[in-house]
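Containing CSV, N, CA and C atoms: run-v1.csv.
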```csv
chain,number,residue,atom,x,y,z
W,1,MET,N,30.5,18.7,-35.8
W,1,MET,CA,29.5,18.0,-36.7
W,1,MET,C,28.1,18.6,-36.4
W,2,GLU,N,27.5,19.1,-37.4
W,2,GLU,CA,26.2,19.7,-37.2
W,2,GLU,C,25.1,18.6,-37.5
W,3,MET,N,24.0,18.7,-36.7
W,3,MET,CA,22.9,17.8,-36.8
W,3,MET,C,21.8,18.3,-37.6
W,4,GLY,N,21.1,17.4,-38.3
W,4,GLY,CA,20.0,17.7,-39.1
W,4,GLY,C,18.7,17.9,-38.2
W,5,PRO,N,17.6,18.3,-38.8
W,5,PRO,CA,16.4,18.5,-38.0
W,5,PRO,C,15.9,17.3,-37.3
W,6,HIS,N,16.1,16.1,-37.8
W,6,HIS,CA,15.6,14.8,-37.2
W,6,HIS,C,16.6,14.1,-36.4
W,7,GLU,N,17.7,14.7,-36.1
W,7,GLU,CA,18.7,14.0,-35.3
W,7,GLU,C,18.7,14.6,-33.9
W,8,CYS,N,19.2,13.8,-33.0
W,8,CYS,CA,19.2,14.3,-31.6
W,8,CYS,C,20.6,13.9,-31.0
W,9,LYS,N,20.8,14.4,-29.8
W,9,LYS,CA,22.0,14.1,-29.1
W,9,LYS,C,21.8,13.0,-28.1
W,10,ALA,N,21.1,11.9,-28.4
W,10,ALA,CA,20.8,10.8,-27.5
W,10,ALA,C,22.1,10.2,-27.0
W,11,GLN,N,23.1,10.2,-27.8
W,11,GLN,CA,24.4,9.6,-27.4
W,11,GLN,C,25.1,10.3,-26.3
W,12,ALA,N,24.7,11.6,-26.1
W,12,ALA,CA,25.3,12.4,-25.1
W,12,ALA,C,24.7,12.1,-23.7
W,13,LEU,N,23.6,11.5,-23.7
W,13,LEU,CA,22.9,11.2,-22.4
W,13,LEU,C,23.3,9.9,-21.8
W,14,PRO,N,23.4,9.8,-20.5
W,14,PRO,CA,23.8,8.5,-19.9
W,14,PRO,C,22.8,7.4,-20.3
W,15,GLY,N,23.4,6.2,-20.6
W,15,GLY,CA,22.6,5.1,-21.0
W,15,GLY,C,22.3,5.0,-22.5
W,16,PHE,N,22.6,6.0,-23.2
W,16,PHE,CA,22.3,6.0,-24.7
W,16,PHE,C,23.6,5.8,-25.5
W,17,ASP,N,24.7,5.4,-24.9
W,17,ASP,CA,26.0,5.3,-25.6
W,17,ASP,C,26.0,4.2,-26.6
W,18,GLU,N,25.1,3.2,-26.4
W,18,GLU,CA,25.0,2.0,-27.3
W,18,GLU,C,23.9,2.1,-28.3
W,19,VAL,N,23.2,3.2,-28.3
W,19,VAL,CA,22.1,3.5,-29.3
W,19,VAL,C,22.7,4.1,-30.5
W,20,ASP,N,22.3,3.5,-31.7
W,20,ASP,CA,22.8,4.1,-32.9
W,20,ASP,C,21.6,4.5,-33.8
W,21,ASP,N,21.8,5.1,-34.9
W,21,ASP,CA,20.7,5.5,-35.8
W,21,ASP,C,19.8,4.4,-36.3
W,22,ASP,N,20.4,3.2,-36.5
W,22,ASP,CA,19.7,2.0,-37.0
W,22,ASP,C,18.7,1.6,-35.9
W,23,ASP,N,19.1,1.6,-34.6
W,23,ASP,CA,18.2,1.3,-33.5
W,23,ASP,C,17.0,2.2,-33.5
W,24,VAL,N,17.3,3.5,-33.6
W,24,VAL,CA,16.2,4.4,-33.6
W,24,VAL,C,15.2,4.2,-34.7
W,25,GLN,N,15.8,4.0,-35.9
W,25,GLN,CA,15.0,3.8,-37.1
W,25,GLN,C,14.1,2.5,-37.0
W,26,ASP,N,14.7,1.4,-36.4
W,26,ASP,CA,14.0,0.2,-36.2
W,26,ASP,C,12.8,0.4,-35.3
W,27,LEU,N,13.1,1.2,-34.2
W,27,LEU,CA,12.0,1.4,-33.2
W,27,LEU,C,10.9,2.2,-33.9
W,28,LEU,N,11.2,3.2,-34.6
W,28,LEU,CA,10.2,4.1,-35.3
W,28,LEU,C,9.4,3.2,-36.3
W,29,GLU,N,10.0,2.4,-37.0
W,29,GLU,CA,9.3,1.5,-38.0
W,29,GLU,C,8.4,0.5,-37.3
W,30,SER,N,8.9,0.0,-36.2
W,30,SER,CA,8.0,-1.0,-35.5
W,30,SER,C,6.7,-0.4,-35.0
W,31,HIS,N,6.7,0.9,-34.7
W,31,HIS,CA,5.5,1.5,-34.3
W,31,HIS,C,4.5,1.8,-35.5
W,32,ALA,N,5.0,1.8,-36.7
W,32,ALA,CA,4.2,2.0,-37.9
W,32,ALA,C,3.5,0.7,-38.3
W,33,GLU,N,3.9,-0.4,-37.8
W,33,GLU,CA,3.3,-1.7,-38.2
W,33,GLU,C,2.1,-1.9,-37.4
W,34,PRO,N,1.0,-2.5,-38.1
W,34,PRO,CA,-0.2,-2.7,-37.3
W,34,PRO,C,0.0,-3.9,-36.3
W,35,LEU,N,-0.7,-3.9,-35.2
W,35,LEU,CA,-0.6,-4.9,-34.2
W,35,LEU,C,-1.5,-6.1,-34.6
W,36,SER,N,-1.0,-7.3,-34.3
W,36,SER,CA,-1.8,-8.5,-34.5
W,36,SER,C,-2.9,-8.6,-33.5
W,37,ASN,N,-3.8,-9.5,-33.7
W,37,ASN,CA,-4.9,-9.7,-32.7
W,37,ASN,C,-4.4,-10.1,-31.4
W,38,ASP,N,-3.4,-11.0,-31.4
W,38,ASP,CA,-2.8,-11.5,-30.2
W,38,ASP,C,-2.2,-10.4,-29.4
W,39,GLU,N,-1.5,-9.5,-30.1
W,39,GLU,CA,-0.8,-8.3,-29.4
W,39,GLU,C,-1.9,-7.4,-28.8
W,40,LEU,N,-3.0,-7.2,-29.6
W,40,LEU,CA,-4.0,-6.3,-29.1
W,40,LEU,C,-4.7,-6.9,-27.8
W,41,ILE,N,-4.9,-8.2,-27.8
W,41,ILE,CA,-5.5,-8.9,-26.7
W,41,ILE,C,-4.5,-8.8,-25.5
W,42,GLU,N,-3.2,-8.9,-25.7
W,42,GLU,CA,-2.3,-8.8,-24.6
W,42,GLU,C,-2.3,-7.4,-24.0
W,43,ILE,N,-2.3,-6.4,-24.9
W,43,ILE,CA,-2.4,-5.0,-24.5
W,43,ILE,C,-3.6,-4.7,-23.6
W,44,ASP,N,-4.7,-5.3,-24.1
W,44,ASP,CA,-6.0,-5.1,-23.4
W,44,ASP,C,-6.0,-5.8,-22.0
W,45,LYS,N,-5.3,-6.9,-21.9
W,45,LYS,CA,-5.2,-7.7,-20.6
W,45,LYS,C,-4.3,-7.0,-19.6
W,46,ALA,N,-3.3,-6.3,-20.0
W,46,ALA,CA,-2.3,-5.8,-19.2
W,46,ALA,C,-2.8,-4.9,-18.0
W,47,PRO,N,-3.7,-3.9,-18.3
W,47,PRO,CA,-4.2,-3.1,-17.2
W,47,PRO,C,-5.0,-3.9,-16.2
W,48,GLN,N,-5.8,-4.9,-16.7
W,48,GLN,CA,-6.6,-5.7,-15.8
W,48,GLN,C,-5.7,-6.6,-14.9
W,49,GLU,N,-4.7,-7.1,-15.5
W,49,GLU,CA,-3.8,-7.9,-14.7
W,49,GLU,C,-3.0,-7.1,-13.6
W,50,ALA,N,-2.7,-5.9,-14.0
W,50,ALA,CA,-2.0,-5.0,-13.1
W,50,ALA,C,-2.9,-4.6,-11.9
W,51,GLU,N,-4.2,-4.4,-12.2
W,51,GLU,CA,-5.1,-4.1,-11.2
W,51,GLU,C,-5.3,-5.3,-10.2
W,52,LYS,N,-5.4,-6.4,-10.8
W,52,LYS,CA,-5.5,-7.7,-10.0
W,52,LYS,C,-4.3,-7.9,-9.1
W,53,GLU,N,-3.1,-7.6,-9.6
W,53,GLU,CA,-1.9,-7.8,-8.8
W,53,GLU,C,-1.9,-6.7,-7.7
W,54,GLU,N,-2.4,-5.5,-8.0
W,54,GLU,CA,-2.4,-4.5,-7.0
W,54,GLU,C,-3.4,-4.9,-5.9
W,55,ASP,N,-4.6,-5.4,-6.3
W,55,ASP,CA,-5.5,-5.9,-5.3
W,55,ASP,C,-5.0,-7.0,-4.4
W,56,GLU,N,-4.3,-7.9,-5.0
W,56,GLU,CA,-3.7,-9.0,-4.3
W,56,GLU,C,-2.6,-8.5,-3.3
W,57,GLU,N,-1.8,-7.5,-3.7
W,57,GLU,CA,-0.8,-7.0,-2.9
W,57,GLU,C,-1.4,-6.2,-1.7
W,58,GLU,N,-2.6,-5.6,-1.9
W,58,GLU,CA,-3.2,-4.8,-0.8
W,58,GLU,C,-3.8,-5.6,0.2
W,59,ASP,N,-4.4,-6.8,-0.2
W,59,ASP,CA,-5.1,-7.6,0.8
W,59,ASP,C,-4.4,-8.0,2.0
W,60,PRO,N,-3.1,-8.5,1.9
W,60,PRO,CA,-2.4,-8.9,3.1
W,60,PRO,C,-2.1,-7.7,4.0
W,61,VAL,N,-2.0,-6.5,3.5
W,61,VAL,CA,-1.6,-5.4,4.2
W,61,VAL,C,-2.7,-4.9,5.1
W,62,ARG,N,-3.9,-5.0,4.6
W,62,ARG,CA,-5.1,-4.5,5.3
W,62,ARG,C,-5.7,-5.6,6.2
W,63,GLY,N,-6.1,-5.2,7.3
W,63,GLY,CA,-6.7,-6.2,8.2
W,63,GLY,C,-6.4,-5.8,9.7
W,64,LEU,N,-7.3,-6.2,10.5
W,64,LEU,CA,-7.2,-5.8,11.9
W,64,LEU,C,-6.6,-7.1,12.6
W,65,TYR,N,-5.3,-7.2,12.6
W,65,TYR,CA,-4.7,-8.3,13.2
W,65,TYR,C,-4.5,-8.0,14.7
W,66,ILE,N,-4.5,-9.1,15.5
W,66,ILE,CA,-4.4,-8.9,16.9
W,66,ILE,C,-3.2,-8.1,17.4
W,67,THR,N,-2.1,-8.3,16.7
W,67,THR,CA,-0.9,-7.5,17.1
W,67,THR,C,-1.1,-6.0,16.8
W,68,THR,N,-1.7,-5.7,15.7
W,68,THR,CA,-2.0,-4.3,15.3
W,68,THR,C,-2.9,-3.7,16.3
W,69,LEU,N,-4.0,-4.4,16.6
W,69,LEU,CA,-5.0,-3.9,17.6
W,69,LEU,C,-4.3,-3.7,19.0
W,70,ARG,N,-3.5,-4.6,19.4
W,70,ARG,CA,-2.9,-4.5,20.7
W,70,ARG,C,-1.9,-3.3,20.7
W,71,GLU,N,-1.2,-3.1,19.7
W,71,GLU,CA,-0.3,-2.0,19.6
W,71,GLU,C,-1.0,-0.6,19.6
W,72,CYS,N,-2.1,-0.6,18.8
W,72,CYS,CA,-2.8,0.7,18.7
W,72,CYS,C,-3.5,1.0,20.0
W,73,LEU,N,-4.2,0.0,20.6
W,73,LEU,CA,-4.9,0.2,21.8
W,73,LEU,C,-3.9,0.6,23.0
W,74,GLY,N,-2.8,0.0,23.0
W,74,GLY,CA,-1.8,0.3,24.0
W,74,GLY,C,-1.3,1.8,23.8
W,75,SER,N,-1.1,2.2,22.6
W,75,SER,CA,-0.6,3.5,22.3
W,75,SER,C,-1.7,4.6,22.7
W,76,ILE,N,-2.9,4.2,22.5
W,76,ILE,CA,-4.0,5.2,22.9
W,76,ILE,C,-4.1,5.3,24.4
W,77,LYS,N,-4.0,4.1,25.1
W,77,LYS,CA,-4.0,4.1,26.5
W,77,LYS,C,-2.8,4.9,27.1
W,78,LYS,N,-1.6,4.7,26.5
W,78,LYS,CA,-0.5,5.5,27.0
W,78,LYS,C,-0.7,7.0,26.8
W,79,ALA,N,-1.2,7.4,25.6
W,79,ALA,CA,-1.4,8.8,25.3
W,79,ALA,C,-2.4,9.4,26.3
W,80,LEU,N,-3.5,8.7,26.6
W,80,LEU,CA,-4.5,9.2,27.5
W,80,LEU,C,-3.9,9.3,28.9
W,81,GLU,N,-3.1,8.4,29.3
W,81,GLU,CA,-2.4,8.4,30.7
W,81,GLU,C,-1.5,9.7,30.7
W,82,THR,N,-0.8,9.9,29.6
W,82,THR,CA,0.1,11.1,29.6
W,82,THR,C,-0.7,12.4,29.7
W,83,LEU,N,-1.8,12.5,29.0
W,83,LEU,CA,-2.7,13.7,29.1
W,83,LEU,C,-3.2,13.8,30.5
W,84,LYS,N,-3.6,12.7,31.1
W,84,LYS,CA,-4.2,12.8,32.5
W,84,LYS,C,-3.1,13.3,33.5
W,85,GLU,N,-1.8,12.9,33.3
W,85,GLU,CA,-0.8,13.3,34.2
W,85,GLU,C,-0.4,14.7,34.0
W,86,ARG,N,-0.4,15.2,32.8
W,86,ARG,CA,0.1,16.5,32.4
W,86,ARG,C,-0.9,17.7,32.3
W,87,ASP,N,-2.1,17.3,32.1
W,87,ASP,CA,-3.2,18.4,31.9
W,87,ASP,C,-3.5,19.0,33.3
W,88,PRO,N,-3.3,20.3,33.4
W,88,PRO,CA,-3.6,21.0,34.7
W,88,PRO,C,-5.1,20.9,35.0
W,89,ASN,N,-6.0,20.6,34.0
W,89,ASN,CA,-7.4,20.5,34.2
W,89,ASN,C,-7.8,19.1,34.2
W,90,PRO,N,-7.9,18.4,35.4
W,90,PRO,CA,-8.3,17.0,35.5
W,90,PRO,C,-9.7,16.7,34.9
W,91,ALA,N,-10.6,17.6,35.0
W,91,ALA,CA,-11.9,17.3,34.5
W,91,ALA,C,-11.9,17.2,32.9
W,92,ARG,N,-11.1,18.1,32.3
W,92,ARG,CA,-11.0,18.0,30.9
W,92,ARG,C,-10.3,16.7,30.4
W,93,SER,N,-9.2,16.4,31.0
W,93,SER,CA,-8.5,15.1,30.6
W,93,SER,C,-9.3,13.9,30.9
W,94,SER,N,-10.1,13.9,32.0
W,94,SER,CA,-11.0,12.8,32.2
W,94,SER,C,-12.1,12.7,31.2
W,95,LYS,N,-12.6,13.8,30.8
W,95,LYS,CA,-13.7,13.8,29.7
W,95,LYS,C,-13.1,13.3,28.4
W,96,VAL,N,-11.9,13.8,28.1
W,96,VAL,CA,-11.3,13.4,26.8
W,96,VAL,C,-11.0,11.9,26.9
W,97,ALA,N,-10.5,11.4,28.0
W,97,ALA,CA,-10.2,10.0,28.1
W,97,ALA,C,-11.5,9.2,28.0
W,98,HIS,N,-12.6,9.6,28.6
W,98,HIS,CA,-13.8,8.9,28.5
W,98,HIS,C,-14.3,8.9,27.1
W,99,ASP,N,-14.3,10.0,26.4
W,99,ASP,CA,-14.8,10.1,25.0
W,99,ASP,C,-13.9,9.2,24.1
W,100,VAL,N,-12.6,9.3,24.2
W,100,VAL,CA,-11.8,8.4,23.4
W,100,VAL,C,-12.0,7.0,23.6
W,101,GLU,N,-12.1,6.6,24.9
W,101,GLU,CA,-12.3,5.2,25.2
W,101,GLU,C,-13.6,4.7,24.7
W,102,LYS,N,-14.6,5.6,24.7
W,102,LYS,CA,-16.0,5.2,24.2
W,102,LYS,C,-15.8,5.1,22.6
W,103,SER,N,-15.0,5.9,22.0
W,103,SER,CA,-14.9,5.9,20.5
W,103,SER,C,-14.1,4.6,20.1
W,104,VAL,N,-13.1,4.2,20.8
W,104,VAL,CA,-12.3,3.0,20.4
W,104,VAL,C,-12.8,1.7,21.0
W,105,LYS,N,-14.0,1.8,21.7
W,105,LYS,CA,-14.5,0.6,22.3
W,105,LYS,C,-14.7,-0.6,21.3
W,106,ILE,N,-15.2,-0.2,20.1
W,106,ILE,CA,-15.4,-1.3,19.1
W,106,ILE,C,-14.1,-2.0,18.7
W,107,TYR,N,-13.0,-1.3,18.7
W,107,TYR,CA,-11.7,-1.9,18.5
W,107,TYR,C,-11.3,-2.8,19.6
W,108,GLN,N,-11.6,-2.3,20.8
W,108,GLN,CA,-11.3,-3.1,22.0
W,108,GLN,C,-12.1,-4.4,22.0
W,109,GLU,N,-13.3,-4.3,21.6
W,109,GLU,CA,-14.2,-5.5,21.4
W,109,GLU,C,-13.7,-6.5,20.4
W,110,ILE,N,-13.2,-6.0,19.3
W,110,ILE,CA,-12.6,-6.8,18.2
W,110,ILE,C,-11.4,-7.5,18.7
W,111,TYR,N,-10.5,-6.7,19.4
W,111,TYR,CA,-9.3,-7.3,20.0
W,111,TYR,C,-9.7,-8.4,21.0
W,112,ASP,N,-10.6,-8.2,21.9
W,112,ASP,CA,-11.0,-9.2,22.8
W,112,ASP,C,-11.5,-10.4,22.2
W,113,GLU,N,-12.3,-10.3,21.1
W,113,GLU,CA,-12.8,-11.4,20.4
W,113,GLU,C,-11.7,-12.2,19.7
W,114,LYS,N,-10.8,-11.5,19.1
W,114,LYS,CA,-9.7,-12.2,18.4
W,114,LYS,C,-8.8,-12.9,19.5
W,115,LYS,N,-8.6,-12.3,20.6
W,115,LYS,CA,-7.8,-12.9,21.6
W,115,LYS,C,-8.5,-14.1,22.2
W,116,GLN,N,-9.8,-14.1,22.3
W,116,GLN,CA,-10.5,-15.2,22.8
W,116,GLN,C,-10.5,-16.4,21.8
W,117,GLU,N,-10.6,-16.0,20.5
W,117,GLU,CA,-10.6,-17.0,19.4
W,117,GLU,C,-9.2,-17.7,19.4
W,118,LYS,N,-8.2,-16.9,19.6
W,118,LYS,CA,-6.8,-17.5,19.6
W,118,LYS,C,-6.6,-18.4,20.8
W,119,THR,N,-7.2,-18.0,21.9
W,119,THR,CA,-7.0,-18.8,23.1
W,119,THR,C,-7.8,-20.1,23.0
W,120,ASN,N,-9.0,-20.1,22.3
W,120,ASN,CA,-9.8,-21.3,22.2
W,120,ASN,C,-9.5,-22.2,21.0
W,121,SER,N,-8.7,-21.7,20.1
W,121,SER,CA,-8.4,-22.5,18.9
W,121,SER,C,-7.3,-23.4,19.1
W,122,PRO,N,-7.3,-24.6,18.4
W,122,PRO,CA,-6.2,-25.6,18.6
W,122,PRO,C,-4.9,-24.9,18.1
W,123,PRO,N,-3.7,-25.4,18.7
W,123,PRO,CA,-2.4,-24.8,18.4
W,123,PRO,C,-2.1,-24.8,16.9
W,124,SER,N,-2.5,-25.7,16.1
W,124,SER,CA,-2.2,-25.8,14.7
W,124,SER,C,-2.8,-24.7,13.9
W,125,THR,N,-4.0,-24.1,14.3
W,125,THR,CA,-4.7,-23.1,13.5
W,125,THR,C,-4.4,-21.7,14.0
W,126,ARG,N,-3.7,-21.6,15.1
W,126,ARG,CA,-3.4,-20.2,15.6
W,126,ARG,C,-2.4,-19.5,14.6
W,127,SER,N,-2.7,-18.2,14.5
W,127,SER,CA,-1.8,-17.4,13.7
W,127,SER,C,-1.0,-16.4,14.5
```
Take the structure in the file and give it back as structure tokens.
Amino acid sequence: MEMGPHECKAQALPGFDEVDDDDVQDLLESHAEPLSNDELIEIDKAPQEAEKEEDEEEDPVRGLYITTLRECLGSIKKALETLKERDPNPARSSKVAHDVEKSVKIYQEIYDEKKQEKTNSPPSTRS
């Protein structure tokens, strides 16, 4: 069977075995019809709602939680200890450790504050 210029082999592709010419024609005709005001409003709202959902999804992921800070600070401490143990130049590893500790001091302070808040808060409000 030979196909005309406007026909395609959609039925040969997986998932298209239930598609017939009438379905394709209906779809093409539906795109030729003008959209109603309600449909235009819905189309306009869709990107804004998608952005709002993305923002809502990102919020819980971002944050300096006490467990995250404890894990990160512990990993940094362990890495610095490893460098001190293995570096043949103790002056270099000490300087690096000092510089890194100075750089992450703000995170240590945030961790200490959060730990203090958790210790001082009533049990029902602790997270």
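For the atom pair formed by atom C of Ser94 (chain W) and CA of Lys78 (chain W), the distance is 14.3 Å, given to one decimal.
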Figure out the distance between CA of Ala46 (chain W) and atom C of Gln25 (chain W), please, to one decimal in Å.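 Distance between the two atoms: 25.6 Å.
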So how far away is atom C of Ser93 (chain W) from atom N of Leu73 (chain W), in Å? 18.0 Å
From W:Tyr111, W:Asp44, W:Leu80, W:Ala32, residue lying nearest Val96 (chain W) [all atoms listed in the file]: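 Answer, going by the shortest atom-to-atom distance: W:Leu80.
Minimum atom-to-atom distance to Lys114 (chain W), evaluated using only N, CA and C atoms, belongs to W:Ile66 out of W:Ser75, W:Lys95, W:Ile66, W:Asp17.
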Might you pull out every residue within 12 Å of Asp112 (chain W), with only C-alpha atoms counted and same-chain residues fewer than 3 positions away left off, and present them as a PyMOL selection string? chain W and resi 65-67+69-70+73+105-109+115-119
Residue subset to file, keeping N, CA and C atoms, as a compact mmCIF listing (two decimals), in the frame of the given file:
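The resulting file, result.txt, is shown below:
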```txt
# COMPACT_ATOMS: atom_id res chain seq x y z
N TYR W 65 -5.30 -7.20 12.60
CA TYR W 65 -4.70 -8.30 13.20
C TYR W 65 -4.50 -8.00 14.70
N ILE W 66 -4.50 -9.10 15.50
CA ILE W 66 -4.40 -8.90 16.90
C ILE W 66 -3.20 -8.10 17.40
N THR W 67 -2.10 -8.30 16.70
CA THR W 67 -0.90 -7.50 17.10
C THR W 67 -1.10 -6.00 16.80
N LEU W 69 -4.00 -4.40 16.60
CA LEU W 69 -5.00 -3.90 17.60
C LEU W 69 -4.30 -3.70 19.00
N ARG W 70 -3.50 -4.60 19.40
CA ARG W 70 -2.90 -4.50 20.70
C ARG W 70 -1.90 -3.30 20.70
N LEU W 73 -4.20 0.00 20.60
CA LEU W 73 -4.90 0.20 21.80
C LEU W 73 -3.90 0.60 23.00
N LYS W 105 -14.00 1.80 21.70
CA LYS W 105 -14.50 0.60 22.30
C LYS W 105 -14.70 -0.60 21.30
N ILE W 106 -15.20 -0.20 20.10
CA ILE W 106 -15.40 -1.30 19.10
C ILE W 106 -14.10 -2.00 18.70
N TYR W 107 -13.00 -1.30 18.70
CA TYR W 107 -11.70 -1.90 18.50
C TYR W 107 -11.30 -2.80 19.60
N GLN W 108 -11.60 -2.30 20.80
CA GLN W 108 -11.30 -3.10 22.00
C GLN W 108 -12.10 -4.40 22.00
N GLU W 109 -13.30 -4.30 21.60
CA GLU W 109 -14.20 -5.50 21.40
C GLU W 109 -13.70 -6.50 20.40
N LYS W 115 -8.60 -12.30 20.60
CA LYS W 115 -7.80 -12.90 21.60
C LYS W 115 -8.50 -14.10 22.20
N GLN W 116 -9.80 -14.10 22.30
CA GLN W 116 -10.50 -15.20 22.80
C GLN W 116 -10.50 -16.40 21.80
N GLU W 117 -10.60 -16.00 20.50
CA GLU W 117 -10.60 -17.00 19.40
C GLU W 117 -9.20 -17.70 19.40
N LYS W 118 -8.20 -16.90 19.60
CA LYS W 118 -6.80 -17.50 19.60
C LYS W 118 -6.60 -18.40 20.80
N THR W 119 -7.20 -18.00 21.90
CA THR W 119 -7.00 -18.80 23.10
C THR W 119 -7.80 -20.10 23.00
```
Counting only N, CA and C atoms, what is within 8 Å of Ala97 (chain W), bar same-chain residues fewer than 5 positions away, as a ChimeraX atom specification? /W:80-81,84,91-92,102-103
